[in-house]
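Source file: model_39.cif. Holds: mmCIF, N, CA and C atoms.
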data_work
#
loop_
_atom_site.label_atom_id
_atom_site.label_comp_id
_atom_site.auth_asym_id
_atom_site.auth_seq_id
_atom_site.Cartn_x
_atom_site.Cartn_y
_atom_site.Cartn_z
N MET A 747 21.55 4.34 -18.18
CA MET A 747 20.80 4.08 -16.95
C MET A 747 21.69 4.42 -15.75
N LYS A 748 21.13 5.17 -14.82
CA LYS A 748 21.86 5.53 -13.60
C LYS A 748 22.02 4.31 -12.70
N SER A 749 23.07 4.30 -11.90
CA SER A 749 23.28 3.17 -10.99
C SER A 749 22.21 3.08 -9.91
N THR A 750 21.49 4.18 -9.67
CA THR A 750 20.42 4.17 -8.66
C THR A 750 19.10 3.68 -9.24
N ASN A 751 19.04 3.48 -10.55
CA ASN A 751 17.80 3.03 -11.17
C ASN A 751 17.59 1.54 -10.93
N ILE A 752 16.34 1.19 -10.75
CA ILE A 752 15.96 -0.20 -10.53
C ILE A 752 14.82 -0.57 -11.46
N ARG A 753 14.61 -1.85 -11.60
CA ARG A 753 13.44 -2.39 -12.29
C ARG A 753 12.74 -3.30 -11.28
N ILE A 754 11.44 -3.20 -11.20
CA ILE A 754 10.67 -4.02 -10.26
C ILE A 754 10.48 -5.41 -10.85
N ASP A 755 10.92 -6.42 -10.11
CA ASP A 755 10.81 -7.80 -10.58
C ASP A 755 9.63 -8.54 -9.97
N ALA A 756 9.31 -8.24 -8.72
CA ALA A 756 8.21 -8.93 -8.05
C ALA A 756 7.69 -8.08 -6.89
N VAL A 757 6.39 -8.18 -6.66
CA VAL A 757 5.74 -7.50 -5.54
C VAL A 757 4.77 -8.49 -4.90
N SER A 758 4.88 -8.63 -3.59
CA SER A 758 3.90 -9.47 -2.88
C SER A 758 3.49 -8.74 -1.60
N TYR A 759 2.32 -9.10 -1.10
CA TYR A 759 1.84 -8.48 0.13
C TYR A 759 0.94 -9.47 0.87
N ALA A 760 0.79 -9.21 2.15
CA ALA A 760 -0.10 -10.01 2.99
C ALA A 760 -0.66 -9.12 4.09
N PHE A 761 -1.83 -9.46 4.56
CA PHE A 761 -2.45 -8.75 5.68
C PHE A 761 -2.32 -9.61 6.93
N GLU A 762 -2.12 -8.94 8.05
CA GLU A 762 -1.94 -9.62 9.33
C GLU A 762 -2.83 -8.93 10.35
N ASP A 763 -3.79 -9.65 10.92
CA ASP A 763 -4.75 -9.07 11.86
C ASP A 763 -4.33 -9.36 13.31
N HIS A 764 -4.48 -8.32 14.16
CA HIS A 764 -4.16 -8.45 15.58
C HIS A 764 -5.25 -7.77 16.40
N LEU A 765 -5.58 -8.37 17.53
CA LEU A 765 -6.48 -7.75 18.51
C LEU A 765 -5.65 -7.07 19.58
N TYR A 766 -6.07 -5.88 20.00
CA TYR A 766 -5.40 -5.19 21.10
C TYR A 766 -5.85 -5.80 22.42
N ARG A 767 -4.98 -5.77 23.41
CA ARG A 767 -5.37 -6.23 24.75
C ARG A 767 -6.41 -5.28 25.33
N THR A 768 -6.22 -3.99 25.05
CA THR A 768 -7.12 -2.96 25.53
C THR A 768 -7.43 -2.02 24.37
N PRO A 769 -8.69 -1.68 24.16
CA PRO A 769 -9.02 -0.75 23.07
C PRO A 769 -8.32 0.60 23.25
N ILE A 770 -8.00 1.23 22.13
CA ILE A 770 -7.45 2.59 22.14
C ILE A 770 -8.41 3.48 21.36
N LYS A 771 -8.33 4.78 21.62
CA LYS A 771 -9.26 5.71 20.98
C LYS A 771 -8.53 6.59 19.98
N PHE A 772 -9.06 6.66 18.75
CA PHE A 772 -8.57 7.56 17.71
C PHE A 772 -9.75 8.34 17.17
N GLY A 773 -9.65 9.64 17.20
CA GLY A 773 -10.73 10.47 16.65
C GLY A 773 -12.08 10.19 17.28
N GLY A 774 -12.07 9.86 18.54
CA GLY A 774 -13.33 9.60 19.23
C GLY A 774 -13.90 8.21 18.97
N VAL A 775 -13.15 7.36 18.29
CA VAL A 775 -13.61 6.00 17.98
C VAL A 775 -12.72 5.00 18.71
N ALA A 776 -13.33 4.10 19.46
CA ALA A 776 -12.56 3.05 20.14
C ALA A 776 -12.20 1.97 19.14
N VAL A 777 -10.92 1.61 19.13
CA VAL A 777 -10.42 0.60 18.20
C VAL A 777 -9.82 -0.54 19.02
N ASP A 778 -10.22 -1.78 18.69
CA ASP A 778 -9.74 -2.93 19.44
C ASP A 778 -8.90 -3.89 18.59
N ARG A 779 -8.57 -3.47 17.35
CA ARG A 779 -7.83 -4.35 16.46
C ARG A 779 -7.06 -3.53 15.43
N VAL A 780 -6.13 -4.20 14.78
CA VAL A 780 -5.36 -3.56 13.73
C VAL A 780 -5.07 -4.59 12.64
N THR A 781 -5.02 -4.12 11.42
CA THR A 781 -4.58 -4.95 10.30
C THR A 781 -3.27 -4.36 9.80
N LEU A 782 -2.23 -5.19 9.81
CA LEU A 782 -0.94 -4.77 9.27
C LEU A 782 -0.86 -5.17 7.81
N LEU A 783 -0.24 -4.30 7.03
CA LEU A 783 0.06 -4.60 5.64
C LEU A 783 1.55 -4.88 5.56
N ASN A 784 1.92 -6.07 5.12
CA ASN A 784 3.31 -6.46 4.96
C ASN A 784 3.60 -6.60 3.46
N VAL A 785 4.64 -5.91 2.99
CA VAL A 785 4.95 -5.87 1.56
C VAL A 785 6.39 -6.32 1.35
N ALA A 786 6.61 -7.08 0.27
CA ALA A 786 7.96 -7.47 -0.15
C ALA A 786 8.10 -7.11 -1.63
N MET A 787 9.27 -6.59 -1.98
CA MET A 787 9.51 -6.22 -3.38
C MET A 787 10.92 -6.67 -3.76
N ASN A 788 11.02 -7.34 -4.90
CA ASN A 788 12.31 -7.70 -5.47
C ASN A 788 12.59 -6.76 -6.63
N VAL A 789 13.83 -6.24 -6.66
CA VAL A 789 14.23 -5.31 -7.72
C VAL A 789 15.59 -5.72 -8.25
N SER A 790 15.91 -5.18 -9.43
CA SER A 790 17.23 -5.43 -10.01
C SER A 790 17.70 -4.20 -10.76
N THR A 791 19.02 -4.11 -10.93
CA THR A 791 19.60 -3.02 -11.72
C THR A 791 19.98 -3.57 -13.09
N GLU A 792 20.29 -2.68 -14.00
CA GLU A 792 20.73 -3.10 -15.32
C GLU A 792 22.04 -3.89 -15.24
N ALA A 793 22.83 -3.60 -14.23
CA ALA A 793 24.11 -4.30 -14.03
C ALA A 793 23.93 -5.70 -13.46
N GLY A 794 22.69 -6.07 -13.12
CA GLY A 794 22.42 -7.42 -12.62
C GLY A 794 22.39 -7.56 -11.12
N LYS A 795 22.57 -6.48 -10.38
CA LYS A 795 22.46 -6.55 -8.93
C LYS A 795 20.99 -6.71 -8.56
N THR A 796 20.72 -7.47 -7.52
CA THR A 796 19.34 -7.68 -7.07
C THR A 796 19.22 -7.32 -5.59
N ALA A 797 18.01 -6.98 -5.19
CA ALA A 797 17.74 -6.68 -3.79
C ALA A 797 16.30 -7.03 -3.48
N ARG A 798 16.05 -7.31 -2.22
CA ARG A 798 14.68 -7.58 -1.74
C ARG A 798 14.42 -6.63 -0.59
N GLY A 799 13.33 -5.88 -0.69
CA GLY A 799 12.96 -4.96 0.36
C GLY A 799 11.68 -5.40 1.03
N LEU A 800 11.60 -5.16 2.32
CA LEU A 800 10.41 -5.53 3.11
C LEU A 800 9.90 -4.29 3.83
N GLY A 801 8.59 -4.16 3.93
CA GLY A 801 8.00 -3.06 4.66
C GLY A 801 6.70 -3.49 5.32
N SER A 802 6.34 -2.81 6.38
CA SER A 802 5.12 -3.13 7.11
C SER A 802 4.54 -1.86 7.69
N MET A 803 3.22 -1.75 7.66
CA MET A 803 2.56 -0.60 8.27
C MET A 803 1.13 -0.96 8.62
N PRO A 804 0.58 -0.32 9.64
CA PRO A 804 -0.84 -0.57 9.97
C PRO A 804 -1.74 0.13 8.95
N LEU A 805 -2.82 -0.53 8.61
CA LEU A 805 -3.85 0.12 7.80
C LEU A 805 -4.76 0.86 8.77
N GLY A 806 -4.44 2.11 8.99
CA GLY A 806 -5.14 2.92 9.99
C GLY A 806 -6.41 3.54 9.43
N ASN A 807 -7.36 2.70 9.09
CA ASN A 807 -8.57 3.20 8.44
C ASN A 807 -9.39 4.12 9.33
N VAL A 808 -9.30 4.00 10.64
CA VAL A 808 -10.09 4.85 11.53
C VAL A 808 -9.65 6.31 11.41
N TRP A 809 -8.34 6.57 11.35
CA TRP A 809 -7.88 7.94 11.25
C TRP A 809 -7.57 8.35 9.81
N ALA A 810 -7.25 7.41 8.93
CA ALA A 810 -6.94 7.77 7.54
C ALA A 810 -8.19 7.87 6.67
N PHE A 811 -9.26 7.22 7.09
CA PHE A 811 -10.48 7.19 6.28
C PHE A 811 -11.69 7.31 7.21
N PRO A 812 -11.76 8.43 7.97
CA PRO A 812 -12.89 8.58 8.90
C PRO A 812 -14.20 8.73 8.14
N SER A 813 -15.23 8.07 8.65
CA SER A 813 -16.53 8.15 8.00
C SER A 813 -17.63 7.96 9.03
N LYS A 814 -18.64 8.79 8.91
CA LYS A 814 -19.80 8.63 9.78
C LYS A 814 -20.82 7.68 9.15
N LYS A 815 -20.63 7.36 7.85
CA LYS A 815 -21.58 6.51 7.13
C LYS A 815 -21.09 5.07 6.99
N LEU A 816 -19.76 4.89 6.90
CA LEU A 816 -19.21 3.55 6.70
C LEU A 816 -18.58 3.04 7.99
N GLY A 817 -18.75 1.77 8.24
CA GLY A 817 -18.20 1.15 9.44
C GLY A 817 -16.74 0.75 9.28
N PHE A 818 -16.17 0.26 10.35
CA PHE A 818 -14.77 -0.15 10.39
C PHE A 818 -14.46 -1.15 9.28
N ASP A 819 -15.27 -2.19 9.17
CA ASP A 819 -15.01 -3.24 8.18
C ASP A 819 -15.10 -2.71 6.75
N GLN A 820 -16.00 -1.78 6.51
CA GLN A 820 -16.15 -1.22 5.16
C GLN A 820 -14.95 -0.36 4.78
N THR A 821 -14.49 0.50 5.68
CA THR A 821 -13.35 1.35 5.35
C THR A 821 -12.06 0.52 5.25
N LEU A 822 -11.95 -0.51 6.06
CA LEU A 822 -10.79 -1.41 5.96
C LEU A 822 -10.82 -2.13 4.61
N ALA A 823 -11.98 -2.56 4.18
CA ALA A 823 -12.10 -3.23 2.88
C ALA A 823 -11.67 -2.33 1.74
N VAL A 824 -12.00 -1.04 1.82
CA VAL A 824 -11.58 -0.09 0.78
C VAL A 824 -10.05 0.04 0.77
N MET A 825 -9.45 0.09 1.95
CA MET A 825 -7.99 0.20 2.01
C MET A 825 -7.32 -1.07 1.49
N LYS A 826 -7.91 -2.22 1.75
CA LYS A 826 -7.37 -3.47 1.21
C LYS A 826 -7.52 -3.50 -0.31
N GLU A 827 -8.62 -3.00 -0.82
CA GLU A 827 -8.82 -2.94 -2.27
C GLU A 827 -7.78 -2.02 -2.90
N LEU A 828 -7.51 -0.89 -2.26
CA LEU A 828 -6.49 0.04 -2.75
C LEU A 828 -5.12 -0.64 -2.75
N THR A 829 -4.82 -1.41 -1.72
CA THR A 829 -3.56 -2.15 -1.66
C THR A 829 -3.43 -3.10 -2.84
N THR A 830 -4.47 -3.83 -3.13
CA THR A 830 -4.46 -4.77 -4.25
C THR A 830 -4.23 -4.03 -5.56
N HIS A 831 -4.91 -2.90 -5.72
CA HIS A 831 -4.78 -2.08 -6.92
C HIS A 831 -3.35 -1.55 -7.07
N LEU A 832 -2.79 -1.02 -6.00
CA LEU A 832 -1.44 -0.46 -6.06
C LEU A 832 -0.39 -1.54 -6.30
N ALA A 833 -0.54 -2.69 -5.67
CA ALA A 833 0.41 -3.78 -5.88
C ALA A 833 0.42 -4.20 -7.35
N ALA A 834 -0.74 -4.25 -7.96
CA ALA A 834 -0.81 -4.61 -9.39
C ALA A 834 -0.13 -3.55 -10.24
N ARG A 835 -0.32 -2.28 -9.89
CA ARG A 835 0.34 -1.20 -10.64
C ARG A 835 1.86 -1.33 -10.55
N TYR A 836 2.38 -1.59 -9.35
CA TYR A 836 3.83 -1.75 -9.20
C TYR A 836 4.31 -2.99 -9.95
N ARG A 837 3.57 -4.10 -9.85
CA ARG A 837 3.96 -5.33 -10.54
C ARG A 837 4.05 -5.13 -12.05
N ASN A 838 3.14 -4.34 -12.59
CA ASN A 838 3.07 -4.15 -14.03
C ASN A 838 3.93 -3.01 -14.54
N TYR A 839 4.61 -2.30 -13.67
CA TYR A 839 5.46 -1.19 -14.08
C TYR A 839 6.75 -1.77 -14.65
N ARG A 840 7.03 -1.51 -15.91
CA ARG A 840 8.15 -2.15 -16.60
C ARG A 840 9.37 -1.26 -16.80
N GLU A 841 9.24 0.03 -16.58
CA GLU A 841 10.35 0.92 -16.83
C GLU A 841 11.32 0.93 -15.64
N ALA A 842 12.57 1.16 -15.94
CA ALA A 842 13.57 1.31 -14.88
C ALA A 842 13.61 2.77 -14.47
N GLY A 843 13.94 3.01 -13.21
CA GLY A 843 14.04 4.37 -12.73
C GLY A 843 14.43 4.41 -11.28
N HIS A 844 14.63 5.62 -10.78
CA HIS A 844 14.90 5.80 -9.36
C HIS A 844 13.61 5.44 -8.61
N PRO A 845 13.70 4.79 -7.46
CA PRO A 845 12.48 4.40 -6.72
C PRO A 845 11.50 5.55 -6.48
N ILE A 846 12.01 6.73 -6.18
CA ILE A 846 11.11 7.87 -5.95
C ILE A 846 10.41 8.27 -7.24
N ASP A 847 11.15 8.27 -8.35
CA ASP A 847 10.53 8.61 -9.64
C ASP A 847 9.47 7.59 -10.04
N ILE A 848 9.74 6.32 -9.78
CA ILE A 848 8.74 5.28 -10.09
C ILE A 848 7.47 5.54 -9.28
N THR A 849 7.63 5.80 -8.00
CA THR A 849 6.47 6.04 -7.14
C THR A 849 5.71 7.29 -7.58
N MET A 850 6.43 8.34 -7.92
CA MET A 850 5.74 9.56 -8.38
C MET A 850 4.98 9.31 -9.68
N SER A 851 5.55 8.52 -10.56
CA SER A 851 4.87 8.18 -11.81
C SER A 851 3.60 7.37 -11.53
N LEU A 852 3.70 6.42 -10.63
CA LEU A 852 2.54 5.60 -10.29
C LEU A 852 1.50 6.39 -9.53
N GLU A 853 1.92 7.33 -8.69
CA GLU A 853 0.97 8.17 -7.97
C GLU A 853 0.11 8.95 -8.94
N HIS A 854 0.74 9.55 -9.92
CA HIS A 854 0.00 10.32 -10.93
C HIS A 854 -0.98 9.41 -11.67
N ASP A 855 -0.52 8.22 -12.02
CA ASP A 855 -1.35 7.25 -12.74
C ASP A 855 -2.56 6.85 -11.89
N CYS A 856 -2.35 6.63 -10.60
CA CYS A 856 -3.44 6.19 -9.72
C CYS A 856 -4.44 7.32 -9.46
N ILE A 857 -3.95 8.54 -9.32
CA ILE A 857 -4.85 9.67 -9.11
C ILE A 857 -5.73 9.87 -10.34
N ALA A 858 -5.16 9.62 -11.51
CA ALA A 858 -5.91 9.78 -12.77
C ALA A 858 -6.96 8.67 -12.91
N ASP A 859 -6.82 7.58 -12.18
CA ASP A 859 -7.77 6.47 -12.25
C ASP A 859 -9.01 6.85 -11.46
N ASN A 860 -10.11 7.05 -12.14
CA ASN A 860 -11.36 7.52 -11.50
C ASN A 860 -11.88 6.58 -10.41
N ARG A 861 -11.56 5.29 -10.48
CA ARG A 861 -12.07 4.37 -9.46
C ARG A 861 -11.53 4.72 -8.08
N LEU A 862 -10.37 5.36 -8.01
CA LEU A 862 -9.76 5.66 -6.71
C LEU A 862 -10.20 6.99 -6.14
N VAL A 863 -10.85 7.83 -6.92
CA VAL A 863 -11.24 9.14 -6.42
C VAL A 863 -12.75 9.31 -6.31
N GLU A 864 -13.49 8.30 -6.62
CA GLU A 864 -14.95 8.40 -6.53
C GLU A 864 -15.42 8.40 -5.10
#
Reformat the file's structure so that it appears as structure tokens.
Amino acid sequence: MKSTNIRIDAVSYAFEDHLYRTPIKFGGVAVDRVTLLNVAMNVSTEAGKTARGLGSMPLGNVWAFPSKKLGFDQTLAVMKELTTHLAARYRNYREAGHPIDITMSLEHDCIADNRLVE
């Protein structure tokens, strides 16, 4: 096992909603709120070293998932469902590897999952 390889021990996430003081426009759509996705992951190496990583990003459903048929709440719900699905995939991943290799392996697995491409 390479020293850069890790094993995922725990994955948690939470959503955080915020209202903007003033709406902003993306793709011709006025947006007055944002939902942040906050993620924490605990990992360990075969040598017993442990680390905890934290990340946060906006779920930009207006520009990442533009739709003339689905509303803001519907596209946000799909992105939240995808988050839940991906967190479970990472939680259940048992092999050790480089973080990029783990993500590439999971990306292939998720693309192959028909529920995510319908």
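The space separating atom N of Ala793 (chain A) from CA of Thr830 (chain A) comes to 29.1 Å.
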Exercise. Using the chain letters and numbering of this document, enumerate as a VMD selection string the residues selected by the PyMOL selection byres (((chain A and resi 837 and name CA) around 12) and name CA).
Key: chain A and resid 753 to 759 786 to 789 830 to 836 838 to 841 848 852
Quiz item: the PyMOL selection byres (((chain A and resi 792 and name CA) around 8) and name CA) on the file shown: which residues, as a list in words?
Solution: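 Here the PyMOL selection byres (((chain A and resi 792 and name CA) around 8) and name CA) matches Met747, Asn751, Ile752, Arg753, Ser790, Thr791, Ala793, Gly794 and Lys795 of chain A.
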Exercise. Calculate how many Å separate atom C of Gly774 (chain A) from atom C of Val808 (chain A), rounding to one decimal.
Key: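 These atoms are spaced 8.9 Å apart.
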Every residue of chain A that DSSP places in helix (DSSP H, G or I), as a compact mmCIF listing (two decimals) with N, CA and C atoms, in the frame of the given file:
# COMPACT_ATOMS: atom_id res chain seq x y z
N ASN A 807 -7.36 2.70 9.09
CA ASN A 807 -8.57 3.20 8.44
C ASN A 807 -9.39 4.12 9.33
N VAL A 808 -9.30 4.00 10.64
CA VAL A 808 -10.09 4.85 11.53
C VAL A 808 -9.65 6.31 11.41
N TRP A 809 -8.34 6.57 11.35
CA TRP A 809 -7.88 7.94 11.25
C TRP A 809 -7.57 8.35 9.81
N ALA A 810 -7.25 7.41 8.93
CA ALA A 810 -6.94 7.77 7.54
C ALA A 810 -8.19 7.87 6.67
N PHE A 818 -16.17 0.26 10.35
CA PHE A 818 -14.77 -0.15 10.39
C PHE A 818 -14.46 -1.15 9.28
N ASP A 819 -15.27 -2.19 9.17
CA ASP A 819 -15.01 -3.24 8.18
C ASP A 819 -15.10 -2.71 6.75
N GLN A 820 -16.00 -1.78 6.51
CA GLN A 820 -16.15 -1.22 5.16
C GLN A 820 -14.95 -0.36 4.78
N THR A 821 -14.49 0.50 5.68
CA THR A 821 -13.35 1.35 5.35
C THR A 821 -12.06 0.52 5.25
N LEU A 822 -11.95 -0.51 6.06
CA LEU A 822 -10.79 -1.41 5.96
C LEU A 822 -10.82 -2.13 4.61
N ALA A 823 -11.98 -2.56 4.18
CA ALA A 823 -12.10 -3.23 2.88
C ALA A 823 -11.67 -2.33 1.74
N VAL A 824 -12.00 -1.04 1.82
CA VAL A 824 -11.58 -0.09 0.78
C VAL A 824 -10.05 0.04 0.77
N MET A 825 -9.45 0.09 1.95
CA MET A 825 -7.99 0.20 2.01
C MET A 825 -7.32 -1.07 1.49
N LYS A 826 -7.91 -2.22 1.75
CA LYS A 826 -7.37 -3.47 1.21
C LYS A 826 -7.52 -3.50 -0.31
N GLU A 827 -8.62 -3.00 -0.82
CA GLU A 827 -8.82 -2.94 -2.27
C GLU A 827 -7.78 -2.02 -2.90
N LEU A 828 -7.51 -0.89 -2.26
CA LEU A 828 -6.49 0.04 -2.75
C LEU A 828 -5.12 -0.64 -2.75
N THR A 829 -4.82 -1.41 -1.72
CA THR A 829 -3.56 -2.15 -1.66
C THR A 829 -3.43 -3.10 -2.84
N THR A 830 -4.47 -3.83 -3.13
CA THR A 830 -4.46 -4.77 -4.25
C THR A 830 -4.23 -4.03 -5.56
N HIS A 831 -4.91 -2.90 -5.72
CA HIS A 831 -4.78 -2.08 -6.92
C HIS A 831 -3.35 -1.55 -7.07
N LEU A 832 -2.79 -1.02 -6.00
CA LEU A 832 -1.44 -0.46 -6.06
C LEU A 832 -0.39 -1.54 -6.30
N ALA A 833 -0.54 -2.69 -5.67
CA ALA A 833 0.41 -3.78 -5.88
C ALA A 833 0.42 -4.20 -7.35
N ALA A 834 -0.74 -4.25 -7.96
CA ALA A 834 -0.81 -4.61 -9.39
C ALA A 834 -0.13 -3.55 -10.24
N ARG A 835 -0.32 -2.28 -9.89
CA ARG A 835 0.34 -1.20 -10.64
C ARG A 835 1.86 -1.33 -10.55
N TYR A 836 2.38 -1.59 -9.35
CA TYR A 836 3.83 -1.75 -9.20
C TYR A 836 4.31 -2.99 -9.95
N ARG A 837 3.57 -4.10 -9.85
CA ARG A 837 3.96 -5.33 -10.54
C ARG A 837 4.05 -5.13 -12.05
N ASN A 838 3.14 -4.34 -12.59
CA ASN A 838 3.07 -4.15 -14.03
C ASN A 838 3.93 -3.01 -14.54
N PRO A 845 13.70 4.79 -7.46
CA PRO A 845 12.48 4.40 -6.72
C PRO A 845 11.50 5.55 -6.48
N ILE A 846 12.01 6.73 -6.18
CA ILE A 846 11.11 7.87 -5.95
C ILE A 846 10.41 8.27 -7.24
N ASP A 847 11.15 8.27 -8.35
CA ASP A 847 10.53 8.61 -9.64
C ASP A 847 9.47 7.59 -10.04
N ILE A 848 9.74 6.32 -9.78
CA ILE A 848 8.74 5.28 -10.09
C ILE A 848 7.47 5.54 -9.28
N THR A 849 7.63 5.80 -8.00
CA THR A 849 6.47 6.04 -7.14
C THR A 849 5.71 7.29 -7.58
N MET A 850 6.43 8.34 -7.92
CA MET A 850 5.74 9.56 -8.38
C MET A 850 4.98 9.31 -9.68
N SER A 851 5.55 8.52 -10.56
CA SER A 851 4.87 8.18 -11.81
C SER A 851 3.60 7.37 -11.53
N LEU A 852 3.70 6.42 -10.63
CA LEU A 852 2.54 5.60 -10.29
C LEU A 852 1.50 6.39 -9.53
N GLU A 853 1.92 7.33 -8.69
CA GLU A 853 0.97 8.17 -7.97
C GLU A 853 0.11 8.95 -8.94
N HIS A 854 0.74 9.55 -9.92
CA HIS A 854 0.00 10.32 -10.93
C HIS A 854 -0.98 9.41 -11.67
N ASP A 855 -0.52 8.22 -12.02
CA ASP A 855 -1.35 7.25 -12.74
C ASP A 855 -2.56 6.85 -11.89
N CYS A 856 -2.35 6.63 -10.60
CA CYS A 856 -3.44 6.19 -9.72
C CYS A 856 -4.44 7.32 -9.46
N ILE A 857 -3.95 8.54 -9.32
CA ILE A 857 -4.85 9.67 -9.11
C ILE A 857 -5.73 9.87 -10.34
N ALA A 858 -5.16 9.62 -11.51
CA ALA A 858 -5.91 9.78 -12.77
C ALA A 858 -6.96 8.67 -12.91
N ASN A 860 -10.11 7.05 -12.14
CA ASN A 860 -11.36 7.52 -11.50
C ASN A 860 -11.88 6.58 -10.41
N ARG A 861 -11.56 5.29 -10.48
CA ARG A 861 -12.07 4.37 -9.46
C ARG A 861 -11.53 4.72 -8.08
N LEU A 862 -10.37 5.36 -8.01
CA LEU A 862 -9.76 5.66 -6.71
C LEU A 862 -10.20 6.99 -6.14
Practice problem: Would you please work out which residue, of A:Leu800, A:Met825, A:Ala760, A:Ala810, is nearest to Phe772 (chain A) when using only C-alpha atoms? | Solution: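 Counting only C-alpha atoms, the residue closest to Phe772 (chain A) is A:Ala810.
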Quiz item: Hey, what comes out of the PyMOL selection byres ((chain A and resi 762) around 6) on this file? Could you write it as a list in words?
Solution: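 Going through the file, the PyMOL selection byres ((chain A and resi 762) around 6) ends up selecting Ala760, Phe761, Asp763, His764, Val780, Thr781, Leu782, Leu783 and Asn784 of chain A.
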Export, as a PDB file, in the frame of the given file, the selected residues with N, CA and C atoms.
ATOM      1  N   ALA A 760       0.790  -9.210   2.150  1.00  0.00           N
ATOM      2  CA  ALA A 760      -0.100 -10.010   2.990  1.00  0.00           C
ATOM      3  C   ALA A 760      -0.660  -9.120   4.090  1.00  0.00           C
ATOM      4  N   PHE A 761      -1.830  -9.460   4.560  1.00  0.00           N
ATOM      5  CA  PHE A 761      -2.450  -8.750   5.680  1.00  0.00           C
ATOM      6  C   PHE A 761      -2.320  -9.610   6.930  1.00  0.00           C
ATOM      7  N   ASP A 763      -3.790  -9.650  10.920  1.00  0.00           N
ATOM      8  CA  ASP A 763      -4.750  -9.070  11.860  1.00  0.00           C
ATOM      9  C   ASP A 763      -4.330  -9.360  13.310  1.00  0.00           C
ATOM     10  N   HIS A 764      -4.480  -8.320  14.160  1.00  0.00           N
ATOM     11  CA  HIS A 764      -4.160  -8.450  15.580  1.00  0.00           C
ATOM     12  C   HIS A 764      -5.250  -7.770  16.400  1.00  0.00           C
ATOM     13  N   VAL A 780      -6.130  -4.200  14.780  1.00  0.00           N
ATOM     14  CA  VAL A 780      -5.360  -3.560  13.730  1.00  0.00           C
ATOM     15  C   VAL A 780      -5.070  -4.590  12.640  1.00  0.00           C
ATOM     16  N   THR A 781      -5.020  -4.120  11.420  1.00  0.00           N
ATOM     17  CA  THR A 781      -4.580  -4.950  10.300  1.00  0.00           C
ATOM     18  C   THR A 781      -3.270  -4.360   9.800  1.00  0.00           C
ATOM     19  N   LEU A 782      -2.230  -5.190   9.810  1.00  0.00           N
ATOM     20  CA  LEU A 782      -0.940  -4.770   9.270  1.00  0.00           C
ATOM     21  C   LEU A 782      -0.860  -5.170   7.810  1.00  0.00           C
ATOM     22  N   LEU A 783      -0.240  -4.300   7.030  1.00  0.00           N
ATOM     23  CA  LEU A 783       0.060  -4.600   5.640  1.00  0.00           C
ATOM     24  C   LEU A 783       1.550  -4.880   5.560  1.00  0.00           C
ATOM     25  N   ASN A 784       1.920  -6.070   5.120  1.00  0.00           N
ATOM     26  CA  ASN A 784       3.310  -6.460   4.960  1.00  0.00           C
ATOM     27  C   ASN A 784       3.600  -6.600   3.460  1.00  0.00           C
TER      28      ASN A 784
END
Quiz item: atom C of Leu765 (chain A) and atom N of Asp778 (chain A), how far apart in Å?
Solution: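 According to the coordinates, atom N of Asp778 (chain A) and atom C of Leu765 (chain A) are separated by 7.0 Å.
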Quiz item: Which one is closest to Pro845 (chain A): A:Ala797, A:Gly806, A:Gly817, A:Thr750? Count only N, CA and C atoms.
Solution: A:Thr750
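Excluding Asn807 (chain A) itself and same-chain residues fewer than 5 positions from it, the residues having an atom within 6 Å of it are Pro812, Thr821 and Leu822 of chain A, counting all atoms listed in the file.
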Exercise. Apply DSSP to the structure's backbone, then extract all residues of chain A labelled strand (DSSP E or B) and return them as a ChimeraX atom specification.
Key: /A:752-772,775-790,796-804,843
